[in-house]
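Source file: my_file.cif (mmCIF, C-alpha atoms; chains and numbers go by the auth columns)
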data_run
#
loop_
_atom_site.group_PDB
_atom_site.id
_atom_site.type_symbol
_atom_site.label_atom_id
_atom_site.label_comp_id
_atom_site.label_asym_id
_atom_site.label_seq_id
_atom_site.Cartn_x
_atom_site.Cartn_y
_atom_site.Cartn_z
_atom_site.B_iso_or_equiv
_atom_site.auth_seq_id
_atom_site.auth_asym_id
ATOM 1 C CA MET A 1 -8.323 11.329 10.491 0.00 709 A
ATOM 2 C CA VAL A 2 -5.724 8.563 10.219 0.00 710 A
ATOM 3 C CA ALA A 3 -1.977 8.953 9.682 0.00 711 A
ATOM 4 C CA TYR A 4 0.237 6.526 7.792 0.00 712 A
ATOM 5 C CA ASN A 5 4.008 6.417 8.007 0.00 713 A
ATOM 6 C CA PHE A 6 6.151 5.430 5.027 0.00 714 A
ATOM 7 C CA MET A 7 9.703 4.219 4.926 0.00 715 A
ATOM 8 C CA ALA A 8 12.086 6.757 3.385 0.00 716 A
ATOM 9 C CA LYS A 9 12.470 4.650 0.220 0.00 717 A
ATOM 10 C CA PHE A 10 8.749 5.146 -0.554 0.00 718 A
ATOM 11 C CA ALA A 11 8.481 8.824 0.429 0.00 719 A
ATOM 12 C CA ASP A 12 9.299 10.398 -2.949 0.00 720 A
ATOM 13 C CA ASP A 13 6.750 8.219 -4.777 0.00 721 A
ATOM 14 C CA VAL A 14 4.046 9.175 -2.264 0.00 722 A
ATOM 15 C CA THR A 15 4.919 12.867 -2.511 0.00 723 A
ATOM 16 C CA ALA A 16 4.901 12.771 -6.327 0.00 724 A
ATOM 17 C CA GLY A 17 1.530 10.972 -6.407 0.00 725 A
ATOM 18 C CA ARG A 18 2.984 7.887 -8.120 0.00 726 A
ATOM 19 C CA LYS A 19 2.109 5.783 -5.075 0.00 727 A
ATOM 20 C CA ASN A 20 -1.541 6.386 -4.177 0.00 728 A
ATOM 21 C CA PHE A 21 -2.161 3.356 -2.008 0.00 729 A
ATOM 22 C CA THR A 22 -0.661 1.406 0.834 0.00 730 A
ATOM 23 C CA ILE A 23 -0.935 -2.212 1.884 0.00 731 A
ATOM 24 C CA ARG A 24 -1.135 -2.577 5.667 0.00 732 A
ATOM 25 C CA ALA A 25 -1.802 -5.174 8.307 0.00 733 A
ATOM 26 C CA ASP A 26 -5.256 -4.974 9.794 0.00 734 A
ATOM 27 C CA ARG A 27 -5.463 -2.784 12.874 0.00 735 A
ATOM 28 C CA LYS A 28 -8.056 -1.283 15.150 0.00 736 A
ATOM 29 C CA ARG A 29 -8.684 1.767 12.956 0.00 737 A
ATOM 30 C CA HIS A 30 -7.895 2.412 9.315 0.00 738 A
ATOM 31 C CA ALA A 31 -9.021 5.378 7.263 0.00 739 A
ATOM 32 C CA ARG A 32 -12.603 5.274 6.026 0.00 740 A
ATOM 33 C CA PRO A 33 -13.699 6.261 2.521 0.00 741 A
ATOM 34 C CA GLY A 34 -14.219 10.030 2.335 0.00 742 A
ATOM 35 C CA GLU A 35 -11.894 10.697 5.263 0.00 743 A
ATOM 36 C CA PRO A 36 -8.637 12.665 4.855 0.00 744 A
ATOM 37 C CA VAL A 37 -5.409 10.715 5.412 0.00 745 A
ATOM 38 C CA GLN A 38 -2.154 12.172 6.649 0.00 746 A
ATOM 39 C CA LEU A 39 0.945 10.734 4.991 0.00 747 A
ATOM 40 C CA TYR A 40 4.328 10.997 6.718 0.00 748 A
ATOM 41 C CA THR A 41 7.834 9.639 6.749 0.00 749 A
ATOM 42 C CA GLY A 42 9.932 9.433 9.889 0.00 750 A
ATOM 43 C CA MET A 43 7.023 9.597 12.328 0.00 751 A
ATOM 44 C CA ARG A 44 8.059 9.637 15.991 0.00 752 A
ATOM 45 C CA THR A 45 11.512 10.918 15.039 0.00 753 A
ATOM 46 C CA ARG A 46 13.106 14.352 14.708 0.00 754 A
ATOM 47 C CA SER A 47 13.131 13.920 10.953 0.00 755 A
ATOM 48 C CA CYS A 48 9.335 13.520 10.708 0.00 756 A
ATOM 49 C CA ARG A 49 8.040 15.058 7.510 0.00 757 A
ATOM 50 C CA LYS A 50 4.551 15.344 6.036 0.00 758 A
ATOM 51 C CA LEU A 51 4.612 14.031 2.473 0.00 759 A
ATOM 52 C CA VAL A 52 1.451 15.557 0.980 0.00 760 A
ATOM 53 C CA ASP A 53 -0.353 18.801 1.747 0.00 761 A
ATOM 54 C CA PRO A 54 -3.297 19.236 1.666 0.00 762 A
ATOM 55 C CA ASP A 55 -4.239 15.784 2.871 0.00 763 A
ATOM 56 C CA PRO A 56 -5.586 13.417 0.216 0.00 764 A
ATOM 57 C CA VAL A 57 -8.872 11.603 0.810 0.00 765 A
ATOM 58 C CA CYS A 58 -9.309 7.878 1.334 0.00 766 A
ATOM 59 C CA GLU A 59 -11.199 6.520 -1.667 0.00 767 A
ATOM 60 C CA LYS A 60 -11.514 2.896 -0.629 0.00 768 A
ATOM 61 C CA ILE A 61 -10.294 0.204 1.685 0.00 769 A
ATOM 62 C CA THR A 62 -10.280 -3.318 0.357 0.00 770 A
ATOM 63 C CA PRO A 63 -9.134 -6.695 1.647 0.00 771 A
ATOM 64 C CA ILE A 64 -6.075 -8.011 -0.173 0.00 772 A
ATOM 65 C CA ILE A 65 -4.518 -11.456 0.006 0.00 773 A
ATOM 66 C CA ILE A 66 -1.012 -12.045 -1.283 0.00 774 A
ATOM 67 C CA TYR A 67 -0.006 -15.624 -2.133 0.00 775 A
ATOM 68 C CA ARG A 68 3.476 -16.930 -2.848 0.00 776 A
ATOM 69 C CA VAL A 69 3.141 -19.010 -6.040 0.00 777 A
ATOM 70 C CA ARG A 70 6.889 -19.547 -6.556 0.00 778 A
ATOM 71 C CA ASP A 71 9.994 -17.931 -5.119 0.00 779 A
ATOM 72 C CA ASP A 72 9.815 -15.296 -7.856 0.00 780 A
ATOM 73 C CA ARG A 73 6.050 -14.995 -8.457 0.00 781 A
ATOM 74 C CA CYS A 74 3.049 -13.972 -6.374 0.00 782 A
ATOM 75 C CA LEU A 75 -0.682 -13.966 -6.845 0.00 783 A
ATOM 76 C CA ILE A 76 -2.883 -11.150 -5.541 0.00 784 A
ATOM 77 C CA VAL A 77 -6.564 -11.390 -4.670 0.00 785 A
ATOM 78 C CA LEU A 78 -8.046 -7.917 -4.266 0.00 786 A
ATOM 79 C CA ASN A 79 -11.596 -7.672 -2.918 0.00 787 A
ATOM 80 C CA GLU A 80 -12.117 -11.389 -3.700 0.00 788 A
ATOM 81 C CA ILE A 81 -11.017 -10.923 -7.334 0.00 789 A
ATOM 82 C CA THR A 82 -7.880 -12.714 -8.499 0.00 790 A
ATOM 83 C CA LEU A 83 -5.778 -10.227 -10.424 0.00 791 A
ATOM 84 C CA ARG A 84 -4.309 -11.087 -13.803 0.00 792 A
ATOM 85 C CA THR A 85 -0.546 -11.101 -14.242 0.00 793 A
ATOM 86 C CA HIS A 86 -0.369 -7.597 -15.718 0.00 794 A
ATOM 87 C CA GLN A 87 -2.533 -6.244 -12.867 0.00 795 A
ATOM 88 C CA THR A 88 -0.326 -7.916 -10.260 0.00 796 A
ATOM 89 C CA ASN A 89 2.763 -6.533 -12.006 0.00 797 A
ATOM 90 C CA TYR A 90 1.204 -3.057 -11.829 0.00 798 A
ATOM 91 C CA ILE A 91 0.481 -3.340 -8.066 0.00 799 A
ATOM 92 C CA VAL A 92 4.027 -4.586 -7.410 0.00 800 A
ATOM 93 C CA ALA A 93 5.583 -1.717 -9.386 0.00 801 A
ATOM 94 C CA ILE A 94 3.369 1.082 -8.050 0.00 802 A
ATOM 95 C CA ASP A 95 3.886 -0.217 -4.504 0.00 803 A
ATOM 96 C CA GLY A 96 7.570 0.599 -5.047 0.00 804 A
ATOM 97 C CA PHE A 97 9.152 -2.775 -5.799 0.00 805 A
ATOM 98 C CA LYS A 98 11.292 -3.926 -8.717 0.00 806 A
ATOM 99 C CA SER A 99 10.177 -7.565 -8.615 0.00 807 A
ATOM 100 C CA HIS A 100 7.603 -9.965 -7.212 0.00 808 A
ATOM 101 C CA LYS A 101 10.374 -11.476 -5.085 0.00 809 A
ATOM 102 C CA GLU A 102 11.163 -8.117 -3.450 0.00 810 A
ATOM 103 C CA PHE A 103 7.430 -7.404 -2.958 0.00 811 A
ATOM 104 C CA MET A 104 6.870 -10.806 -1.331 0.00 812 A
ATOM 105 C CA GLN A 105 9.934 -10.466 0.880 0.00 813 A
ATOM 106 C CA PHE A 106 8.551 -7.165 2.195 0.00 814 A
ATOM 107 C CA HIS A 107 4.907 -8.198 2.647 0.00 815 A
ATOM 108 C CA LEU A 108 5.096 -11.957 3.255 0.00 816 A
ATOM 109 C CA GLY A 109 8.463 -12.608 4.843 0.00 817 A
ATOM 110 C CA ASP A 110 8.567 -16.409 5.060 0.00 818 A
ATOM 111 C CA ALA A 111 4.776 -16.881 4.980 0.00 819 A
ATOM 112 C CA ARG A 112 3.015 -18.609 2.072 0.00 820 A
ATOM 113 C CA SER A 113 0.140 -16.118 2.150 0.00 821 A
ATOM 114 C CA ILE A 114 -1.050 -13.119 4.089 0.00 822 A
ATOM 115 C CA LYS A 115 -4.249 -11.120 4.359 0.00 823 A
ATOM 116 C CA LYS A 116 -3.882 -7.347 4.609 0.00 824 A
ATOM 117 C CA ILE A 117 -5.809 -4.148 3.880 0.00 825 A
ATOM 118 C CA PHE A 118 -5.393 -2.161 0.644 0.00 826 A
ATOM 119 C CA ILE A 119 -5.954 1.562 1.316 0.00 827 A
ATOM 120 C CA GLN A 120 -6.251 3.871 -1.688 0.00 828 A
ATOM 121 C CA TRP A 121 -6.413 7.650 -1.658 0.00 829 A
ATOM 122 C CA GLY A 122 -7.056 10.366 -4.202 0.00 830 A
ATOM 123 C CA PHE A 123 -6.449 14.043 -4.591 0.00 831 A
ATOM 124 C CA TRP A 124 -9.924 15.193 -5.599 0.00 832 A
ATOM 125 C CA ASN A 125 -10.109 17.405 -2.514 0.00 833 A
ATOM 126 C CA VAL A 126 -7.337 19.739 -3.714 0.00 834 A
#
In structure tokens, how does this file's structure come out?
Amino acid sequence: MVAYNFMAKFADDVTAGRKNFTIRADRKRHARPGEPVQLYTGMRTRSCRKLVDPDPVCEKITPIIIYRVRDDRCLIVLNEITLRTHQTNYIVAIDGFKSHKEFMQFHLGDARSIKKIFIQWGFWNV
């Protein structure tokens, strides 16, 4: 089982099921499809709180590349498929951001592109 921590600003969307994925840097061990994931906010603090109970199940993990096209526009390649504008807009919104610029600032910083892991979960185990 793998645990993921979310910033407080994303916690309500995770709890409500509006945000059912996370975009993370690659690491030694991510959740595997079929495996439960534990979703928290405030991990390693006194205010640690589990966001979803019972634990949802990882549905898929997919490589994602985010490219800065302009200062206010990004391009997303998910599992080697370039997303259309409306699909990119959907990812940006569901990930909890109001604009491409805000999304890129969070995920890219000053970089022109970045490769990460897209982890999606579902609630079919409840």
### Evaluate the PyMOL selection byres ((chain A and resi 745-756) around 12) and report residues as an MDAnalysis selection string
chainID A and resid 709:723 725 727:730 738:744 757:768 827:831 833
### Contacts of region 822-826 of chain A at 6 Å (all atoms listed in the file; same-chain gap of 3+ positions) as a ChimeraX atom specification
/A:730-734,769-774
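Atom pair CA of Ile799 (chain A) / CA of Arg820 (chain A) has a distance of 18.5 Å (rounded to one decimal).
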### Task
Name the residues captured by the PyMOL selection byres ((chain A and resi 783) around 10) when it is applied to the shown file; answer as a ChimeraX atom specification.
/A:773-778,781-782,784-786,790-793,795-797,808,812,821
### Query
Do you know which residues lie at most 12 Å from (9.7, -7.1, -1.3), with coordinates as in the file and only C-alpha atoms counted, and could you write them as a PyMOL selection string?
chain A and resi 774+776+779-782+800-801+803-818
Subset file: region 812-830 of chain A, N, CA and C atoms, as a PDB file, in the first residue's frame:
ATOM      1  N   MET A 812       1.187  25.241 -14.481  1.00  0.00           N
ATOM      2  CA  MET A 812       2.593  25.152 -14.874  1.00  0.00           C
ATOM      3  C   MET A 812       3.510  25.656 -13.767  1.00  0.00           C
ATOM      4  N   GLN A 813       3.103  26.705 -13.079  1.00  0.00           N
ATOM      5  CA  GLN A 813       3.909  27.234 -11.989  1.00  0.00           C
ATOM      6  C   GLN A 813       4.106  26.162 -10.917  1.00  0.00           C
ATOM      7  N   PHE A 814       3.046  25.415 -10.631  1.00  0.00           N
ATOM      8  CA  PHE A 814       3.096  24.363  -9.617  1.00  0.00           C
ATOM      9  C   PHE A 814       3.952  23.183 -10.082  1.00  0.00           C
ATOM     10  N   HIS A 815       3.695  22.683 -11.282  1.00  0.00           N
ATOM     11  CA  HIS A 815       4.363  21.466 -11.750  1.00  0.00           C
ATOM     12  C   HIS A 815       5.713  21.702 -12.414  1.00  0.00           C
ATOM     13  N   LEU A 816       5.861  22.806 -13.136  1.00  0.00           N
ATOM     14  CA  LEU A 816       7.079  23.046 -13.908  1.00  0.00           C
ATOM     15  C   LEU A 816       8.070  23.985 -13.226  1.00  0.00           C
ATOM     16  N   GLY A 817       7.578  24.900 -12.431  1.00  0.00           N
ATOM     17  CA  GLY A 817       8.468  25.943 -11.915  1.00  0.00           C
ATOM     18  C   GLY A 817       8.991  26.741 -13.093  1.00  0.00           C
ATOM     19  N   ASP A 818      10.298  26.824 -13.241  1.00  0.00           N
ATOM     20  CA  ASP A 818      10.906  27.551 -14.360  1.00  0.00           C
ATOM     21  C   ASP A 818      11.271  26.651 -15.537  1.00  0.00           C
ATOM     22  N   ALA A 819      11.043  25.358 -15.415  1.00  0.00           N
ATOM     23  CA  ALA A 819      11.424  24.411 -16.475  1.00  0.00           C
ATOM     24  C   ALA A 819      10.539  24.576 -17.710  1.00  0.00           C
ATOM     25  N   ARG A 820      11.055  24.179 -18.853  1.00  0.00           N
ATOM     26  CA  ARG A 820      10.277  24.206 -20.106  1.00  0.00           C
ATOM     27  C   ARG A 820       9.405  22.962 -20.235  1.00  0.00           C
ATOM     28  N   SER A 821       9.860  21.856 -19.645  1.00  0.00           N
ATOM     29  CA  SER A 821       9.079  20.620 -19.671  1.00  0.00           C
ATOM     30  C   SER A 821       9.496  19.757 -18.482  1.00  0.00           C
ATOM     31  N   ILE A 822       8.631  18.816 -18.168  1.00  0.00           N
ATOM     32  CA  ILE A 822       8.928  17.906 -17.067  1.00  0.00           C
ATOM     33  C   ILE A 822       8.181  16.598 -17.281  1.00  0.00           C
ATOM     34  N   LYS A 823       8.834  15.514 -16.934  1.00  0.00           N
ATOM     35  CA  LYS A 823       8.202  14.195 -17.012  1.00  0.00           C
ATOM     36  C   LYS A 823       7.847  13.764 -15.591  1.00  0.00           C
ATOM     37  N   LYS A 824       6.597  13.355 -15.413  1.00  0.00           N
ATOM     38  CA  LYS A 824       6.118  12.911 -14.107  1.00  0.00           C
ATOM     39  C   LYS A 824       5.287  11.640 -14.281  1.00  0.00           C
ATOM     40  N   ILE A 825       4.643  11.232 -13.201  1.00  0.00           N
ATOM     41  CA  ILE A 825       3.778  10.051 -13.202  1.00  0.00           C
ATOM     42  C   ILE A 825       2.356  10.485 -12.860  1.00  0.00           C
ATOM     43  N   PHE A 826       1.398  10.035 -13.647  1.00  0.00           N
ATOM     44  CA  PHE A 826      -0.025  10.314 -13.460  1.00  0.00           C
ATOM     45  C   PHE A 826      -0.626   9.086 -12.783  1.00  0.00           C
ATOM     46  N   ILE A 827      -1.120   9.252 -11.559  1.00  0.00           N
ATOM     47  CA  ILE A 827      -1.670   8.137 -10.780  1.00  0.00           C
ATOM     48  C   ILE A 827      -3.163   8.375 -10.599  1.00  0.00           C
ATOM     49  N   GLN A 828      -3.965   7.434 -11.078  1.00  0.00           N
ATOM     50  CA  GLN A 828      -5.423   7.586 -11.014  1.00  0.00           C
ATOM     51  C   GLN A 828      -6.009   6.486 -10.142  1.00  0.00           C
ATOM     52  N   TRP A 829      -6.988   6.857  -9.327  1.00  0.00           N
ATOM     53  CA  TRP A 829      -7.644   5.880  -8.472  1.00  0.00           C
ATOM     54  C   TRP A 829      -9.151   5.920  -8.675  1.00  0.00           C
ATOM     55  N   GLY A 830      -9.790   4.851  -8.221  1.00  0.00           N
ATOM     56  CA  GLY A 830     -11.246   4.755  -8.326  1.00  0.00           C
ATOM     57  C   GLY A 830     -11.814   4.227  -7.030  1.00  0.00           C
TER      58      GLY A 830
END
